[in-house]
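Worksheet for the structure shown next.
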Amino acid sequence: MSLRTRAAGASPLMYVTLTFVVLLSAAPLYFMLVMASRANSDILGIPPPLLPGDQLVSNVDRVFANADVQFAEALLNTLIVASVATLAVVVTSALAGFAFAKLKFRGRNVLLVVVVATMMVPVQLGLIPLYMLMTKLGLAGGLASVTLPFLVSGFGVFFMRQYAAQAIPDELIEAARVDGASTLRIFWSIVFPALRPAAAVLGLLTFMERWNDFLWPYIALDFDHPTVQVALSRLSGGYYTDQALVMAGTLMGTLPLVLVFILFGRQIVGGIMEGGLKS
Amino acid sequence: MARTRLARQQGAGLAFVSPYFLVFAVFGLFPLVYTAWVSMHEWTLLAGKVEFVGLANYRELMADSAFWRALVNTFGIFVLATVPQLILATVLAQLLNTRLRSRTFWRMGVLLPNVASVAAVGIIFGMIFARDFGIANWLLEQIGLDRVDWRAHRWSSWIAIAVMVDWRWTGYNALILLAALQSVPKELYEAARIDGASSWRQFWSITVPMLRPTLIFVTIVATIGGIQLFTEPLLFNTGANAISGGNRSQFQTVAMYLVQQAFTGQRFGYASTIAWVLFLIIAVVAAINLLLLRRIRSAD
């Protein structure tokens, strides 16, 4: 009996502590739900309301009806930007990751070191020339300006390289070569399908990151092309006395990712742990 | 035959990695490098005026008290956020490294804050730390303490912003540290247990030393992010002038000051100077971290 307890490892105190931590993690999100489902008069009450109310639908309606924020367009814009970037990152990372792991070419090792180095470069600080560049290209203000810089990811390339190195046997590629398949053909019909588990995790991480991006969209996008995060900053900046409205908007902007997280939490956790270990 | 195959690999290899390097060069590296060039100009957005001024912007920046204030704010918030965060993340990783029932549930639980965007975090905590009806002040009153006007003072606004950063990132870092912990050989703990070492002793003598490289990696990432802190303090403030970080700029960070100079003040050259100095600061701090890493490795 005592042997089994020792093997189980975790004591009741650990479960209590972890429960407390998880409650702390969830509390601000729960608080958001409470505020989003209340009338403003409740929110300003003391003590503050601790249980959800029945105003959620009307608050959400007010968010979508607000012409200054264009929340529905913002959701659609974010979906477009995040999807395009995710697709591009997955494909370009798989291509490069495969090449770094399995193809022999001059400069391969040096270039891989460069990729790892670029992961540490705070490119965000180049935002002023980037803004000038987008203006020159005639893209400033539109969705292309917040999509183009994020079509590739150094982390993605490295992540896919590590997976490709252990997931794809050399014999598989050799066999296809003997059959006369081109390298591109090998990539699409053999390599990419084999990389699918890693591609899915990279896709999830990228989608979440793009959905939540703030600084560059906040600067680059014009009034008519907000993303969700930019719309939220407008809501909270302009309507700070209407707390219920702001919270309902925040809830709507967060909910899609919470759903993704509930569905794919295991893969996301795995991706973060692998990514951290490899770096 | 073998030669053509190798030649084909050479071409395909370069072709397959080129999309990454092309996009990164155009939209990542070029803007960052060009920032240095812009910083040597009086570059006004609206007037379209561009005039080479050499290092004049740098001299102005060194004498700019608003910049120094923003730098102190940035580092103050960074230290207040990072030190407790790394300690908590290490302890949490250790907790998660025991044999838990429904392990995925606990891991997802600590990662949950990370799905909220930084903007959402700024807005939600902005209300938690509201002066009159915020839940933070209500809790303080319940335990017999005075309410705090969180935005009004330097120290209290820094604490509030540090809490936001820690809430979003502690669990995330705990998972990265957990991954490192799991690569520690179990036999080390076995042996220590047989020798009668307490779990506290095991933590200090096995866990912390084995975690050091990962801890330094996490610190570097936290540093790069922390020095560029922008969204949380921006959305902690309300009203049209949120970019100034409070009525006395008591929580304006350097990144906020940069954006204010560039897009409110229309001074692209001066803002680029701020960006480049910030880049140098990040490079120096990262280099110090790397030196530390090397020293620890050679000590092994």
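Every chain in the structure tokens takes a letter, A first, then B, and so on in the order presented; its residues are numbered from 1, and the ligands are numbered from 1 following the presented order.
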
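Residues from chain A found within 6 Å of chain B are Ala8, Gly9, Ala10, Val22, Ser25, Leu44, Leu95, Ala96, Ala99, Leu103, Lys104, Phe105, Val123, Leu125, Gly126, Pro129, Leu130, Pro149, Val152, Asn212, Gly237, Thr250, Thr254, Met273 and Gly276 of chain A, counting only C-alpha atoms.
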
Now that the selection is made, can you save its residues with N, CA and C atoms as a PDB file, in the first residue's frame?
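again_0.pdb written:
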ATOM      1  N   ALA A   8       2.743   6.453  -6.910  1.00  0.00           N
ATOM      2  CA  ALA A   8       1.791   7.425  -7.444  1.00  0.00           C
ATOM      3  C   ALA A   8       2.389   8.827  -7.443  1.00  0.00           C
ATOM      4  N   GLY A   9       3.296   9.116  -6.504  1.00  0.00           N
ATOM      5  CA  GLY A   9       4.058  10.358  -6.571  1.00  0.00           C
ATOM      6  C   GLY A   9       3.354  11.583  -6.022  1.00  0.00           C
ATOM      7  N   ALA A  10       2.161  11.873  -6.526  1.00  0.00           N
ATOM      8  CA  ALA A  10       1.524  13.129  -6.157  1.00  0.00           C
ATOM      9  C   ALA A  10       0.727  12.987  -4.867  1.00  0.00           C
ATOM     10  N   VAL A  22      -4.957  26.234 -11.144  1.00  0.00           N
ATOM     11  CA  VAL A  22      -5.865  26.189 -12.295  1.00  0.00           C
ATOM     12  C   VAL A  22      -7.026  27.162 -12.092  1.00  0.00           C
ATOM     13  N   SER A  25      -5.800  30.456 -12.948  1.00  0.00           N
ATOM     14  CA  SER A  25      -5.690  30.579 -14.398  1.00  0.00           C
ATOM     15  C   SER A  25      -7.036  30.914 -15.016  1.00  0.00           C
ATOM     16  N   LEU A  44     -21.070  47.987 -11.792  1.00  0.00           N
ATOM     17  CA  LEU A  44     -20.594  49.072 -10.938  1.00  0.00           C
ATOM     18  C   LEU A  44     -21.023  48.894  -9.480  1.00  0.00           C
ATOM     19  N   LEU A  95       8.580  22.592 -46.276  1.00  0.00           N
ATOM     20  CA  LEU A  95       9.542  22.573 -47.384  1.00  0.00           C
ATOM     21  C   LEU A  95      10.966  22.744 -46.871  1.00  0.00           C
ATOM     22  N   ALA A  96      11.176  23.822 -46.115  1.00  0.00           N
ATOM     23  CA  ALA A  96      12.524  24.126 -45.638  1.00  0.00           C
ATOM     24  C   ALA A  96      12.986  23.090 -44.621  1.00  0.00           C
ATOM     25  N   ALA A  99      14.105  20.058 -46.449  1.00  0.00           N
ATOM     26  CA  ALA A  99      15.387  20.286 -47.112  1.00  0.00           C
ATOM     27  C   ALA A  99      16.537  20.244 -46.102  1.00  0.00           C
ATOM     28  N   LEU A 103      17.910  16.770 -47.452  1.00  0.00           N
ATOM     29  CA  LEU A 103      18.600  17.031 -48.721  1.00  0.00           C
ATOM     30  C   LEU A 103      20.013  17.516 -48.450  1.00  0.00           C
ATOM     31  N   LYS A 104      20.909  17.154 -49.356  1.00  0.00           N
ATOM     32  CA  LYS A 104      22.282  17.625 -49.209  1.00  0.00           C
ATOM     33  C   LYS A 104      22.490  18.794 -50.142  1.00  0.00           C
ATOM     34  N   PHE A 105      22.832  19.940 -49.602  1.00  0.00           N
ATOM     35  CA  PHE A 105      23.167  21.074 -50.464  1.00  0.00           C
ATOM     36  C   PHE A 105      24.198  21.955 -49.765  1.00  0.00           C
ATOM     37  N   VAL A 123      12.365  41.404 -34.710  1.00  0.00           N
ATOM     38  CA  VAL A 123      12.044  42.112 -35.961  1.00  0.00           C
ATOM     39  C   VAL A 123      10.967  43.165 -35.762  1.00  0.00           C
ATOM     40  N   LEU A 125      10.977  45.545 -33.964  1.00  0.00           N
ATOM     41  CA  LEU A 125      11.557  46.882 -33.837  1.00  0.00           C
ATOM     42  C   LEU A 125      11.766  47.548 -35.192  1.00  0.00           C
ATOM     43  N   GLY A 126      11.632  46.798 -36.287  1.00  0.00           N
ATOM     44  CA  GLY A 126      11.751  47.407 -37.609  1.00  0.00           C
ATOM     45  C   GLY A 126      10.438  47.975 -38.111  1.00  0.00           C
ATOM     46  N   PRO A 129      10.377  51.319 -40.747  1.00  0.00           N
ATOM     47  CA  PRO A 129      10.624  51.037 -42.161  1.00  0.00           C
ATOM     48  C   PRO A 129       9.597  50.072 -42.756  1.00  0.00           C
ATOM     49  N   LEU A 130       9.106  49.140 -41.971  1.00  0.00           N
ATOM     50  CA  LEU A 130       8.092  48.212 -42.481  1.00  0.00           C
ATOM     51  C   LEU A 130       6.834  48.985 -42.881  1.00  0.00           C
ATOM     52  N   PRO A 149       4.277  39.844 -43.759  1.00  0.00           N
ATOM     53  CA  PRO A 149       5.475  39.613 -42.938  1.00  0.00           C
ATOM     54  C   PRO A 149       5.434  38.288 -42.185  1.00  0.00           C
ATOM     55  N   VAL A 152       6.177  33.322 -43.184  1.00  0.00           N
ATOM     56  CA  VAL A 152       7.207  32.353 -42.822  1.00  0.00           C
ATOM     57  C   VAL A 152       7.519  32.482 -41.331  1.00  0.00           C
ATOM     58  N   ASN A 212      -3.933  36.446 -32.067  1.00  0.00           N
ATOM     59  CA  ASN A 212      -3.715  37.313 -30.910  1.00  0.00           C
ATOM     60  C   ASN A 212      -2.770  38.479 -31.165  1.00  0.00           C
ATOM     61  N   GLY A 237     -10.902  51.657 -25.743  1.00  0.00           N
ATOM     62  CA  GLY A 237     -10.420  53.036 -25.754  1.00  0.00           C
ATOM     63  C   GLY A 237     -11.559  54.038 -25.818  1.00  0.00           C
ATOM     64  N   THR A 250     -14.665  41.432 -25.709  1.00  0.00           N
ATOM     65  CA  THR A 250     -13.473  40.663 -25.338  1.00  0.00           C
ATOM     66  C   THR A 250     -13.787  39.169 -25.305  1.00  0.00           C
ATOM     67  N   THR A 254     -12.166  36.201 -27.657  1.00  0.00           N
ATOM     68  CA  THR A 254     -11.381  35.156 -27.004  1.00  0.00           C
ATOM     69  C   THR A 254     -11.980  33.767 -27.235  1.00  0.00           C
ATOM     70  N   MET A 273       5.784  22.058 -25.414  1.00  0.00           N
ATOM     71  CA  MET A 273       6.838  21.350 -24.683  1.00  0.00           C
ATOM     72  C   MET A 273       7.955  20.884 -25.621  1.00  0.00           C
ATOM     73  N   GLY A 276       9.997  24.014 -26.843  1.00  0.00           N
ATOM     74  CA  GLY A 276      10.898  24.544 -25.836  1.00  0.00           C
ATOM     75  C   GLY A 276      12.123  23.663 -25.667  1.00  0.00           C
TER      76      GLY A 276
END

(request) Extract the full set of alpha helix (DSSP H) residues from region 17-260 of chain A according to DSSP on the backbone, and format it as a PyMOL selection string. (result) chain A and resi 17-36+40-43+56-65+71-102+108-118+127-136+143-147+154-167+170-178+183-186+192-194+196-212+215-220+228-238+243-260

(message) Taking 4 positions as the minimum chain separation for residues in the same chain, which residues sit within 8 Å of Ala244 (chain A) when counting only C-alpha atoms? Answer as a PyMOL selection string.
(response) chain A and resi 35-40+43+59+248

(message) For Trp43 (chain B), find every residue with an atom within 9 Å (counting only C-alpha atoms), except residues of its own chain fewer than 3 positions away, and show them as a count of residues only.
(response) 14
